[in-house]
Amino acid sequence: MSDLILHHYALSPFSEKVRAMLGYTGLSWQSVTTDEMPPRPMLAPLAGGYRKIPVAQIGADVFCDTRTITREIARLAGKPELALEGVDDEVRAFVAETDLTLFMAVMMSSVGLRVNIKLFRAMPFGQLLRFFKDRIHIGRTSNVPRMSLKEARAKTREHLADMEARLQGKDWLFGDKPCIADFSAYHALWFLREVAESKTLKDFPAVLAWMDRIKAFGHGESAPLSQEAALDKARQSAPLALPESTLTPALLGKTVQVAPTDYGQVPSKGELVFQGDNRIVLALANAGGSTVHVHFPEAGFAVQSA
Ligand SMILES: N[C@@H](CCC(=O)N[C@@H](CS)C(=O)NCC(=O)O)C(=O)O
């Protein structure tokens, strides 16, 4: 079993992006199931305030946001095309759009009875009410431009038509093997198809066939791990050496706050120990007296003096 730990929950689309990628690479992993919303007292000492899921962990290194998680998977699997750094600008632009605007549109289009039934089955009633309140709060405080349900549905169909055209006579979106774009485009559509059981996809046979190919990768080999055991592993490890860099960001060595700029903008606070090469690393003293390094991408995150 590899040292890669994934903190995730079943209905999380961004987690599905990572699970599918792990299935494709064949990397084994350890699976920690988290709650759908904070508080997450066992994850907070690892990731600080960062509230989105998934989070990955290797010993005392913690990776927030799928942009840093996929970079680690690409490195471990020796498949650079699974990271944003390993693909060209056209693919990067496609991923940026699918992971934010199109993700939002597809998620809005998914809302309905079937999703509510699945959420109802996944959580006790009190927790479900807290979940709805939590997600409404995220929506209200989000910096992502708002769209109406009608606009979201139109955008989703437009996106599916674009994907259908891209996939004519091809197995994968860009090139002859899967890359980061395939997994980024997959996860929201996975939610639409598998969780919302939407009929919208039936008009897009090439997209459905491509989704079947990704689904066939499965999630790879994983072993369950408790939240406590994951925290213990971090406390018993030392962070990996930081990448070499000649950059000297203004706030290096200072206590800073790092937060997403799009939605769920809750900051993590710690000492800035690295910034550059699309990576921000904070050193965080966790409650056990040891240190973890928390990695964020630079794109989509803001660093501020604390
Ligand atoms: N940009 C993030 C997005 C992650 C994300 O939005 N995760 C959802 C669950 S699939 C979440 O945690 N939403 C609640 C929140 O934003 O706090 C990534 O690539 O990991």
# chains A, B, ... in the order shown; residues from 1 in each chain; ligands from 1
>>> select_by_dssp(residues="range 86-296 of chain A", states="alpha helix (DSSP H)", output="VMD selection string")
chain A and resid 89 to 97 103 to 110 113 to 122 125 to 141 149 to 166 180 to 190 205 to 215 227 to 235
>>> residues_near_ligand(ligand="ligand 1", cutoff="9 Å", atoms="only C-alpha atoms and all ligand atoms", output="ChimeraX atom specification")
/A:8-9,11-17,36-38,50-55,64-69,99-100,103,134-135,138-139,142,184,187-188,260,262-266,300
>>> closest_atom_pairs(of="range 151-265 of chain A", to="range 73-93 of chain A", cutoff="9 Å", atoms="only C-alpha atoms", output="tab-separated table")
residue	atom	partner	partner_atom	distance
A:Phe174	CA	A:Val91	CA	7.6
A:Pro178	CA	A:Leu82	CA	7.8
A:Cys179	CA	A:Leu82	CA	4.9
A:Ile180	CA	A:Leu82	CA	4.3
A:Ala181	CA	A:Val91	CA	6.4
A:Phe183	CA	A:Leu82	CA	8.5
>>> select_by_dssp(residues="range 38-273 of chain A", states="strand (DSSP E)", output="list in words")
Val55, Ala56, Gln57, Ile58, Asp61, Val62, Phe63, Cys64, Ser222, Ala223, Pro224, Thr255, Val256, Gln257, Val258, Ala259, Pro260, Ser268, Lys269, Gly270, Glu271, Leu272 and Val273 of chain A
>>> atom_distance(atom1="CA of Ala165 in chain A", atom2="CA of Pro205 in chain A")
10.6 Å
>>> residues_around(residues="range 222-233 of chain A", least_positions_apart="5", cutoff="9 Å", atoms="only C-alpha atoms", output="PyMOL selection string")
chain A and resi 1+5+7+27-34+42-43+45-46+57-60+288
>>> write_last_selection(atoms="C-alpha atoms", output="PDB file, in the first residue's frame")
ATOM      1  CA  MET A   1       0.000   0.000   0.000  1.00  0.00           C
ATOM      2  CA  ILE A   5      -3.782   9.224   1.866  1.00  0.00           C
ATOM      3  CA  HIS A   7      -9.402  12.599   2.706  1.00  0.00           C
ATOM      4  CA  LEU A  27      -1.456   3.744  -7.513  1.00  0.00           C
ATOM      5  CA  SER A  28      -2.722   2.237  -4.271  1.00  0.00           C
ATOM      6  CA  TRP A  29      -3.962   4.658  -1.582  1.00  0.00           C
ATOM      7  CA  GLN A  30      -5.350   4.969   1.900  1.00  0.00           C
ATOM      8  CA  SER A  31      -8.891   6.226   2.257  1.00  0.00           C
ATOM      9  CA  VAL A  32     -10.035   8.558   5.027  1.00  0.00           C
ATOM     10  CA  THR A  33     -13.732   9.406   4.959  1.00  0.00           C
ATOM     11  CA  THR A  34     -14.496  12.972   6.055  1.00  0.00           C
ATOM     12  CA  MET A  42      -9.051  15.665  12.787  1.00  0.00           C
ATOM     13  CA  LEU A  43      -8.380  17.382   9.447  1.00  0.00           C
ATOM     14  CA  PRO A  45      -4.578  20.271  12.383  1.00  0.00           C
ATOM     15  CA  LEU A  46      -3.439  19.067   8.938  1.00  0.00           C
ATOM     16  CA  GLN A  57      -1.587  13.631   2.553  1.00  0.00           C
ATOM     17  CA  ILE A  58       1.788  11.934   2.379  1.00  0.00           C
ATOM     18  CA  GLY A  59       3.165  11.755   5.923  1.00  0.00           C
ATOM     19  CA  ALA A  60       3.558  15.344   7.136  1.00  0.00           C
ATOM     20  CA  GLY A 288       0.791  17.423  18.669  1.00  0.00           C
TER      21      GLY A 288
END
>>> residues_around(residues="Asp277 in chain A", least_positions_apart="3", cutoff="10 Å", atoms="only C-alpha atoms", output="ChimeraX atom specification")
/A:85,243,245,247,274,280,297-298
>>> residues_around(residues="Gln127 in chain A", least_positions_apart="4", cutoff="12 Å", atoms="only C-alpha atoms", output="MDAnalysis selection string")
chainID A and resid 35:39 119:123 131:134
>>> residues_around(residues="Gly26 in chain A", least_positions_apart="6", cutoff="9 Å", atoms="only C-alpha atoms", output="MDAnalysis selection string")
chainID A and resid 77 217 219:221
>>> write_last_selection(atoms="C-alpha atoms", output="JSON list (two decimals), in the first residue's frame")
[["chain", "number", "residue", "atom", "x", "y", "z"],
["A", 77, "ALA", "CA", 2.78, 7.68, -11.38],
["A", 217, "PHE", "CA", -10.62, 2.55, -14.53],
["A", 219, "HIS", "CA", -10.80, 3.73, -8.10],
["A", 220, "GLY", "CA", -7.75, 1.49, -7.76],
["A", 221, "GLU", "CA", -6.74, -0.41, -4.67]]
>>> closest_residue(among="A:Gly169, A:Arg146, A:Ala47, A:Leu208", to="Arg193 in chain A", atoms="only C-alpha atoms")
A:Leu208
